[in-house]
There are 2 protein chains.
Amino acid sequence: MGLHMGNDARRPTLRDIADRVGVSEAAASFALNGKPGVSEATRQRVLQAASELNWAPHHAARALTGAGTATVGLVIARSAQDVGSELFFHRLMTGMQAVLSRRRYALLLQVVDSVDEEIDVYHMWKREHRVDGVVLVDLRRDDPRPEAVAELGLPALIAGGPDPAGVVPSVSIDDAAAMASIMRHLKETGHERIAYLSGPIALLHVHRRVESFLRASADLGIADCRSHATDFSAGAGDTATTSALLGDPRPTALIYDNEVLAVAGVGAIRRMSLRIPEDVAVVVWEDTPVCTVLQPALTALRRDAAGFGADVAERLLEVLAGEKVADFEERVPTLVPRASTVGEPPVGAG
Amino acid sequence: MGLHMGNDARRPTLRDIADRVGVSEAAASFALNGKPGVSEATRQRVLQAASELNWAPHHAARALTGAGTATVGLVIARSAQDVGSELFFHRLMTGMQAVLSRRRYALLLQVVDSVDEEIDVYHMWKREHRVDGVVLVDLRRDDPRPEAVAELGLPALIAGGPDPAGVVPSVSIDDAAAMASIMRHLKETGHERIAYLSGPIALLHVHRRVESFLRASADLGIADCRSHATDFSAGAGDTATTSALLGDPRPTALIYDNEVLAVAGVGAIRRMSLRIPEDVAVVVWEDTPVCTVLQPALTALRRDAAGFGADVAERLLEVLAGEKVADFEERVPTLVPRASTVGEPPVGAG
DNA sequence: TCTCGCTACTGAAGCGCTAAAGTAGCCGGG
DNA sequence: CCCGGCTACTTTAGCGCTTCAGTAGCGAGA
């Protein structure tokens with residue numbers, strides 16, 4: 001019944017509400033926006049009429065009169081969705097959305113191929129008034145984006161900062177503390193030779209992690225610590241693992257920057273007939289279902305990507321509200337020790 | 001130089017262009033939109049002025065005058081982003097974006113908790129004129145969404161149909177053919193007892209796959225074929241694998257509906273001291289980096305999620321253009337045979 | 001020469017909303 | 001009894017664009 005009715009019977013406008021209540025459009029507008037200038041009685045009648053007519057403000061009309069667009073933008077440069085970071089990204093987005101939708105903001109998504117194109121998109125968005133602000137992800141060293149958005153006057157927030165230039169506020173994850181917790185764990189489980197198979201050092205967070213890795217090694221007095229950069233690919237994980245393990249003396253623990261590297265690494269380790277964790281321990285910087293399910297299960301760093309996204313969104317909304325937002329640091333990710341570093345779990349389970 | 005200038009020096013409007021060229025706003029509008037009514041010479045001067053002033057149409061203003069919003073919406077009900085389908089989703093979205101952004105469309109994303117809320121979002125979007133159309137994903141049996149959007153008069157397209165009610169056009173993946181190719185492969189490699197560890201049958205595509213599984217088993221004369229529904233979780237993968245393998249006679253091949261189930265399953269298989277593929281072969285319905293990197297590597301069905309997304313977007317744009325769009329079937333996914341069904345790869349590689 | 005019909009424009013209205021300025025009605029104070 | 005000042009509105013203008021109904025100018029046909 002009544003299907004397919006296309007339902008274009010002209011959506012109700014302020015005019016309709018005003019007519020029905022018998023006031024002017026302006027009065028209706030005041031009432032609906034909680035502005036002073038209408039009596040409480042009238043306000044109620046307007047509200048009533050609005051809901052009877054199933055009215056909602058026309059988004060474009062509102063945006064046109066200077067209110068924002070109630071939209072924030074996120075551009076993903078395709079390199080950022082390289083194998084392995086997709087999961088994190090997806091969770092980041094859903095986390096942001098949780099906050100945004102509660103405040104009736106929408107998330108505009110764009111995928112591009114390069115940072116330059118990303119900046120072009122910001123220009124477009126700004127010129128077309130499509131978004132109120134944007135979130136910057138995957139900052140690189142000497143990244144042009146913070147300055148670009150600042151220059152554009154486009155409100156922004158960096159997910160995974162801080163911005164070295166200090167131009168754009170950020171929400172960041174304490175990579176140093178996370179790395180320290182991994183290193184402490186490895187130290188406690190008796191490792192003195194550790195290799196870190198990282199992502200590309202051009203990425204700011206990778207760079208920070210490598211630095212933290214070396215610092216932690218010094219702090220903890222672990223003499224033999226080396227890092228090997230990869231491009232996050234399975235092939236690179238395999239190669240880098242092999243070459244790390246051929247080092248003399250051989251490292252006794254490997255830290256992988258993501259799931260794909262780790263799984264590839266585990267393959268390489270097996271091929272060399274080494275046992276996990278007896279010969280080499282393995283830690284992964286990102287907990288995924290696969291980590292728990294592999295045998296042995298992999299010790300992994302659990303980040304709350306959704307919570308991170310939520311914080312990012314909240315901070316961005318503060319920026320949009322004109323507040324001065326300080327750099328914010330997330331709670332430190334927790335290391336989940338599993339069989340790949342601590343050996344077989346206590347028997348039982350079955 | 002010139003940082004932080006906030007840059008709100010009032011963006012140029014049609015008026016500015018018109019003044020500079022010395023024509024009316026209307027003429028400028030015609031010129032910029034390629035409408036007849038201006039001479040070629042004038043058109044060029046307007047275009048020139050527009051680019052000099054760095055003008056772009058104000059999105060809201062355009063939308064207000066009846067042009068669409070150049071935005072399509074995608075709602076993800078949280079259940080749909082259950083462990084394991086995230087990757088597919090993310091790729092679907094980026095695939096859509098590739099097409100959309102080329103046509104200057106934006107993708108509006110919303111994450112909700114239930115199908116009901118999802119429908120609420122469609123109502124909101126429609127009332128606020130926020131999107132021109134939407135993409136429906138993860139259809140269930142007796143899904144209320146196709147009717148809901150049809151009734152709303154909200155243009156839509158189903159990713160992963162077809163719509164049983166035939167109300168909303170769809171782009172779908174030929175699950176039957178895909179399942180047939182898996183079954184053929186297993187038949188050829190000598191399997192006569194096969195278990196299919198599926199997702200929840202409430203999902204339309206899962207339902208279709210189970211049916212195809214049974215049909216293929218009949219067609220190929222494979223007598224012993226059973227399916228076990230799971231909730232896609234690692235735990236369920238483990239449990240279902242164990243119970244399948246305890247069947248008598250024991251299945252010699254297992255088909256998993258996603259990566260997480262498969263990895264959990266491989267763990268369970270190992271725990272029972274069975275060898276892959278000698279004792280049980282394994283196939284996964286979704287090729288991921290982890291499949292290639294596990295040992296043995298898992299035979300998997302490779303779907304082109306990004307290509308799928310692109311097709312979805314293209315069809316949706318056709319719908320928006322008012323065209324009558326027929327249900328469309330994607331090219332059949334290809335099965336990538338790996339060691340988990342065909343044994344060790346030919347020596348060499350290293 | 002006058003009109004017809006065409007091209008190339010202009011002017012004004014209007015999309016749905018907000019906001020600034022204006023006005024009716026009422027009360028209390030002088 | 002009039003005025004200032006308040007409340008509760010209404011009127012008007014305008015956001016930036018599209019579009020429709022003109023209109024000026026011009027060459028062609030009768």
# chains A, B, ... in the order shown; residues from 1 in each chain; ligands from 1
$ residues_around --residues "stretch 7-10 of chain C" --least-positions-apart "2" --cutoff "10 Å" --atoms "only C-alpha atoms (C1' of nucleotides)" --output "count of residues only"
17
$ interface_residues --of "chain B" --to "chain D" --cutoff "8 Å" --atoms "only C-alpha atoms (C1' of nucleotides)" --output "list in words"
Thr13, Leu14, Ala26, Ser29, Pro57, His58, Ala61, Arg62, Leu64 and Thr65 of chain B
$ write_last_selection --atoms "C-alpha atoms" --output "PDB file, in the first residue's frame"
ATOM      1  CA  THR B  13      30.356  35.170  -6.351  1.00  0.00           C
ATOM      2  CA  LEU B  14      28.689  35.202  -9.705  1.00  0.00           C
ATOM      3  CA  ALA B  26      22.335  35.415 -15.514  1.00  0.00           C
ATOM      4  CA  SER B  29      25.502  31.638 -15.087  1.00  0.00           C
ATOM      5  CA  PRO B  57      29.864  27.548  -7.328  1.00  0.00           C
ATOM      6  CA  HIS B  58      28.590  27.727  -3.792  1.00  0.00           C
ATOM      7  CA  ALA B  61      23.267  27.813  -3.276  1.00  0.00           C
ATOM      8  CA  ARG B  62      23.241  25.369  -6.104  1.00  0.00           C
ATOM      9  CA  LEU B  64      18.919  25.259  -3.039  1.00  0.00           C
ATOM     10  CA  THR B  65      17.908  26.011  -6.583  1.00  0.00           C
TER      11      THR B  65
END
$ closest_residue --among "A:Arg315, A:Arg45, A:Arg10, A:His59" --to "chain C" --atoms "only C-alpha atoms (C1' of nucleotides)"
A:His59
$ residues_around --residues "stretch 225-238 of chain A" --least-positions-apart "6" --cutoff "10 Å" --atoms "only C-alpha atoms (C1' of nucleotides)" --output "PyMOL selection string"
(chain A and resi 82-85+192-202+206-207+209-211+213-214+216-218+244+251+253-269) or (chain B and resi 289-290+292-293)
$ atom_distance --atom1 "atom CA of A:Glu118" --atom2 "atom CA of A:Ala310"
22.6 Å
$ closest_residue --among "B:Arg15, B:Arg303, B:Arg130, B:Arg184" --to "B:Asp219" --atoms "only C-alpha atoms"
B:Arg184
$ closest_atom_pairs --of "chain C" --to "chain A" --cutoff "9 Å" --atoms "only C-alpha atoms (C1' of nucleotides)" --output "CSV"
residue,atom,partner,partner_atom,distance
C:DC15,C1',A:Ala61,CA,8.1
C:DG16,C1',A:Ala61,CA,5.1
C:DC17,C1',A:Ala61,CA,5.2
C:DT18,C1',A:Thr65,CA,6.0
C:DA19,C1',A:Ala26,CA,8.9
$ atom_distance --atom1 "atom CA of A:Asp113" --atom2 "atom CA of B:Ser101"
11.6 Å
$ closest_residue --among "A:Leu152, A:Ala281, A:Leu204, A:Leu220" --to "chain B" --atoms "only C-alpha atoms"
A:Leu152
$ select_by_dssp --residues "stretch 215-271 of chain B" --states "alpha helix (DSSP H)" --output "ChimeraX atom specification"
/B:215-219,234-245,259-271
$ write_last_selection --atoms "N, CA and C atoms" --output "PDB file, in the first residue's frame"
ATOM      1  N   ARG B 215      23.205 -26.764  -4.210  1.00  0.00           N
ATOM      2  CA  ARG B 215      22.928 -27.044  -5.615  1.00  0.00           C
ATOM      3  C   ARG B 215      24.168 -27.596  -6.305  1.00  0.00           C
ATOM      4  N   ALA B 216      25.307 -26.943  -6.043  1.00  0.00           N
ATOM      5  CA  ALA B 216      26.558 -27.401  -6.665  1.00  0.00           C
ATOM      6  C   ALA B 216      26.873 -28.819  -6.236  1.00  0.00           C
ATOM      7  N   SER B 217      26.588 -29.105  -4.983  1.00  0.00           N
ATOM      8  CA  SER B 217      26.893 -30.454  -4.520  1.00  0.00           C
ATOM      9  C   SER B 217      26.039 -31.458  -5.278  1.00  0.00           C
ATOM     10  N   ALA B 218      24.814 -31.117  -5.541  1.00  0.00           N
ATOM     11  CA  ALA B 218      23.945 -31.995  -6.319  1.00  0.00           C
ATOM     12  C   ALA B 218      24.451 -32.099  -7.753  1.00  0.00           C
ATOM     13  N   ASP B 219      24.712 -30.930  -8.351  1.00  0.00           N
ATOM     14  CA  ASP B 219      25.148 -30.910  -9.748  1.00  0.00           C
ATOM     15  C   ASP B 219      26.408 -31.736  -9.962  1.00  0.00           C
ATOM     16  N   ALA B 234      35.732 -15.313  15.385  1.00  0.00           N
ATOM     17  CA  ALA B 234      36.819 -16.276  15.502  1.00  0.00           C
ATOM     18  C   ALA B 234      36.375 -17.465  16.352  1.00  0.00           C
ATOM     19  N   GLY B 235      35.699 -17.171  17.434  1.00  0.00           N
ATOM     20  CA  GLY B 235      35.245 -18.247  18.307  1.00  0.00           C
ATOM     21  C   GLY B 235      34.350 -19.220  17.571  1.00  0.00           C
ATOM     22  N   ALA B 236      33.435 -18.673  16.818  1.00  0.00           N
ATOM     23  CA  ALA B 236      32.522 -19.526  16.065  1.00  0.00           C
ATOM     24  C   ALA B 236      33.272 -20.330  15.015  1.00  0.00           C
ATOM     25  N   GLY B 237      34.288 -19.712  14.438  1.00  0.00           N
ATOM     26  CA  GLY B 237      35.084 -20.414  13.445  1.00  0.00           C
ATOM     27  C   GLY B 237      35.761 -21.619  14.059  1.00  0.00           C
ATOM     28  N   ASP B 238      36.262 -21.423  15.239  1.00  0.00           N
ATOM     29  CA  ASP B 238      36.939 -22.510  15.946  1.00  0.00           C
ATOM     30  C   ASP B 238      35.946 -23.624  16.272  1.00  0.00           C
ATOM     31  N   THR B 239      34.873 -23.251  16.910  1.00  0.00           N
ATOM     32  CA  THR B 239      33.872 -24.233  17.321  1.00  0.00           C
ATOM     33  C   THR B 239      33.302 -25.001  16.134  1.00  0.00           C
ATOM     34  N   ALA B 240      32.912 -24.250  15.127  1.00  0.00           N
ATOM     35  CA  ALA B 240      32.266 -24.890  13.982  1.00  0.00           C
ATOM     36  C   ALA B 240      33.237 -25.823  13.271  1.00  0.00           C
ATOM     37  N   THR B 241      34.493 -25.414  13.211  1.00  0.00           N
ATOM     38  CA  THR B 241      35.491 -26.271  12.571  1.00  0.00           C
ATOM     39  C   THR B 241      35.623 -27.583  13.342  1.00  0.00           C
ATOM     40  N   THR B 242      35.770 -27.428  14.642  1.00  0.00           N
ATOM     41  CA  THR B 242      35.932 -28.621  15.470  1.00  0.00           C
ATOM     42  C   THR B 242      34.754 -29.566  15.283  1.00  0.00           C
ATOM     43  N   SER B 243      33.563 -28.995  15.365  1.00  0.00           N
ATOM     44  CA  SER B 243      32.416 -29.903  15.300  1.00  0.00           C
ATOM     45  C   SER B 243      32.268 -30.488  13.897  1.00  0.00           C
ATOM     46  N   ALA B 244      32.616 -29.706  12.885  1.00  0.00           N
ATOM     47  CA  ALA B 244      32.559 -30.262  11.529  1.00  0.00           C
ATOM     48  C   ALA B 244      33.533 -31.419  11.387  1.00  0.00           C
ATOM     49  N   LEU B 245      34.703 -31.238  11.944  1.00  0.00           N
ATOM     50  CA  LEU B 245      35.741 -32.260  11.758  1.00  0.00           C
ATOM     51  C   LEU B 245      35.495 -33.503  12.624  1.00  0.00           C
ATOM     52  N   GLU B 259      37.959 -14.387   6.219  1.00  0.00           N
ATOM     53  CA  GLU B 259      39.323 -14.576   6.682  1.00  0.00           C
ATOM     54  C   GLU B 259      39.380 -15.006   8.139  1.00  0.00           C
ATOM     55  N   VAL B 260      38.615 -14.337   8.970  1.00  0.00           N
ATOM     56  CA  VAL B 260      38.712 -14.610  10.400  1.00  0.00           C
ATOM     57  C   VAL B 260      38.280 -16.035  10.717  1.00  0.00           C
ATOM     58  N   LEU B 261      37.173 -16.434  10.124  1.00  0.00           N
ATOM     59  CA  LEU B 261      36.724 -17.815  10.315  1.00  0.00           C
ATOM     60  C   LEU B 261      37.819 -18.780   9.878  1.00  0.00           C
ATOM     61  N   ALA B 262      38.420 -18.471   8.749  1.00  0.00           N
ATOM     62  CA  ALA B 262      39.404 -19.393   8.183  1.00  0.00           C
ATOM     63  C   ALA B 262      40.623 -19.506   9.079  1.00  0.00           C
ATOM     64  N   VAL B 263      41.104 -18.369   9.530  1.00  0.00           N
ATOM     65  CA  VAL B 263      42.314 -18.408  10.351  1.00  0.00           C
ATOM     66  C   VAL B 263      42.023 -19.157  11.648  1.00  0.00           C
ATOM     67  N   ALA B 264      40.867 -18.881  12.214  1.00  0.00           N
ATOM     68  CA  ALA B 264      40.484 -19.613  13.424  1.00  0.00           C
ATOM     69  C   ALA B 264      40.366 -21.094  13.107  1.00  0.00           C
ATOM     70  N   GLY B 265      39.797 -21.384  11.951  1.00  0.00           N
ATOM     71  CA  GLY B 265      39.619 -22.772  11.555  1.00  0.00           C
ATOM     72  C   GLY B 265      40.953 -23.490  11.398  1.00  0.00           C
ATOM     73  N   VAL B 266      41.890 -22.800  10.770  1.00  0.00           N
ATOM     74  CA  VAL B 266      43.207 -23.398  10.589  1.00  0.00           C
ATOM     75  C   VAL B 266      43.797 -23.747  11.956  1.00  0.00           C
ATOM     76  N   GLY B 267      43.593 -22.870  12.916  1.00  0.00           N
ATOM     77  CA  GLY B 267      44.077 -23.142  14.269  1.00  0.00           C
ATOM     78  C   GLY B 267      43.445 -24.411  14.831  1.00  0.00           C
ATOM     79  N   ALA B 268      42.143 -24.525  14.657  1.00  0.00           N
ATOM     80  CA  ALA B 268      41.440 -25.694  15.191  1.00  0.00           C
ATOM     81  C   ALA B 268      41.902 -26.974  14.500  1.00  0.00           C
ATOM     82  N   ILE B 269      42.116 -26.854  13.198  1.00  0.00           N
ATOM     83  CA  ILE B 269      42.579 -28.025  12.428  1.00  0.00           C
ATOM     84  C   ILE B 269      43.924 -28.500  12.965  1.00  0.00           C
ATOM     85  N   ARG B 270      44.793 -27.542  13.194  1.00  0.00           N
ATOM     86  CA  ARG B 270      46.121 -27.870  13.701  1.00  0.00           C
ATOM     87  C   ARG B 270      46.021 -28.521  15.071  1.00  0.00           C
ATOM     88  N   ARG B 271      45.120 -27.992  15.865  1.00  0.00           N
ATOM     89  CA  ARG B 271      44.989 -28.532  17.218  1.00  0.00           C
ATOM     90  C   ARG B 271      44.562 -29.992  17.179  1.00  0.00           C
TER      91      ARG B 271
END
$ atom_distance --atom1 "atom CA of A:Lys324" --atom2 "atom CA of A:Ala176"
25.8 Å
$ residues_around --residues "B:Ala156" --least-positions-apart "4" --cutoff "12 Å" --atoms "only C-alpha atoms (C1' of nucleotides)" --output "PyMOL selection string"
chain B and resi 72-75+122+126+131-137+145-152+163+167-171+312-322+324-325
$ select_by_dssp --residues "stretch 98-184 of chain B" --states "strand (DSSP E)" --output "mmCIF file with N, CA and C atoms, in the first residue's frame"
data_model
loop_
_atom_site.group_PDB
_atom_site.id
_atom_site.type_symbol
_atom_site.label_atom_id
_atom_site.label_comp_id
_atom_site.auth_asym_id
_atom_site.auth_seq_id
_atom_site.Cartn_x
_atom_site.Cartn_y
_atom_site.Cartn_z
ATOM 1 N N ALA B 106 30.258 13.566 -3.802
ATOM 2 C CA ALA B 106 30.885 13.242 -2.534
ATOM 3 C C ALA B 106 30.142 12.078 -1.905
ATOM 4 N N LEU B 107 30.810 11.431 -0.989
ATOM 5 C CA LEU B 107 30.229 10.279 -0.306
ATOM 6 C C LEU B 107 29.997 10.655 1.143
ATOM 7 N N LEU B 108 28.765 10.548 1.545
ATOM 8 C CA LEU B 108 28.441 10.861 2.928
ATOM 9 C C LEU B 108 28.327 9.546 3.682
ATOM 10 N N LEU B 109 29.002 9.491 4.799
ATOM 11 C CA LEU B 109 29.076 8.220 5.515
ATOM 12 C C LEU B 109 28.393 8.328 6.866
ATOM 13 N N GLN B 110 27.676 7.294 7.215
ATOM 14 C CA GLN B 110 27.051 7.306 8.538
ATOM 15 C C GLN B 110 27.139 5.903 9.128
ATOM 16 N N VAL B 111 27.461 5.820 10.386
ATOM 17 C CA VAL B 111 27.512 4.528 11.043
ATOM 18 C C VAL B 111 26.407 4.473 12.094
ATOM 19 N N VAL B 112 25.629 3.432 12.066
ATOM 20 C CA VAL B 112 24.530 3.305 13.033
ATOM 21 C C VAL B 112 24.555 1.905 13.625
ATOM 22 N N GLY B 133 21.073 10.291 -3.361
ATOM 23 C CA GLY B 133 20.733 8.875 -3.393
ATOM 24 C C GLY B 133 21.582 8.114 -2.398
ATOM 25 N N VAL B 134 21.242 6.858 -2.227
ATOM 26 C CA VAL B 134 21.981 6.059 -1.249
ATOM 27 C C VAL B 134 22.315 4.678 -1.790
ATOM 28 N N VAL B 135 23.293 4.078 -1.158
ATOM 29 C CA VAL B 135 23.665 2.706 -1.477
ATOM 30 C C VAL B 135 23.299 1.823 -0.290
ATOM 31 N N LEU B 136 22.625 0.750 -0.594
ATOM 32 C CA LEU B 136 22.234 -0.193 0.461
ATOM 33 C C LEU B 136 23.188 -1.382 0.455
ATOM 34 N N VAL B 137 23.715 -1.704 1.608
ATOM 35 C CA VAL B 137 24.619 -2.851 1.659
ATOM 36 C C VAL B 137 24.130 -3.905 2.640
ATOM 37 N N ALA B 156 18.019 4.833 -4.896
ATOM 38 C CA ALA B 156 18.909 3.917 -4.205
ATOM 39 C C ALA B 156 19.424 2.839 -5.126
ATOM 40 N N LEU B 157 20.480 2.222 -4.672
ATOM 41 C CA LEU B 157 21.023 1.091 -5.379
ATOM 42 C C LEU B 157 21.546 0.105 -4.350
ATOM 43 N N ILE B 158 21.296 -1.159 -4.618
ATOM 44 C CA ILE B 158 21.730 -2.181 -3.684
ATOM 45 C C ILE B 158 23.074 -2.740 -4.116
ATOM 46 N N ALA B 159 24.012 -2.729 -3.197
ATOM 47 C CA ALA B 159 25.295 -3.375 -3.456
ATOM 48 C C ALA B 159 25.197 -4.776 -2.894
ATOM 49 N N SER B 170 20.040 -3.226 -8.448
ATOM 50 C CA SER B 170 21.194 -3.698 -7.684
ATOM 51 C C SER B 170 22.378 -4.022 -8.574
ATOM 52 N N VAL B 171 23.513 -4.050 -7.944
ATOM 53 C CA VAL B 171 24.699 -4.634 -8.549
ATOM 54 C C VAL B 171 25.054 -5.797 -7.655
ATOM 55 N N SER B 172 25.209 -6.963 -8.243
ATOM 56 C CA SER B 172 25.483 -8.088 -7.369
ATOM 57 C C SER B 172 26.620 -8.942 -7.868
#
$ residues_around --residues "B:Ala56" --least-positions-apart "5" --cutoff "8 Å" --atoms "only C-alpha atoms (C1' of nucleotides)" --output "MDAnalysis selection string"
(chainID A and resid 124 127:128) or (chainID B and resid 50)
$ write_last_selection --atoms "N, CA and C atoms" --output "compact mmCIF listing (two decimals), in the first residue's frame"
# COMPACT_ATOMS: atom_id res chain seq x y z
N MET A 124 38.96 22.70 -3.16
CA MET A 124 37.60 22.55 -3.68
C MET A 124 36.59 22.69 -2.56
N ARG A 127 36.26 26.19 -1.39
CA ARG A 127 35.63 27.09 -2.35
C ARG A 127 34.14 26.80 -2.49
N GLU A 128 33.80 25.55 -2.44
CA GLU A 128 32.40 25.19 -2.62
C GLU A 128 31.62 25.20 -1.31
N ALA B 50 36.19 33.79 -14.26
CA ALA B 50 35.93 32.83 -13.18
C ALA B 50 37.23 32.22 -12.70
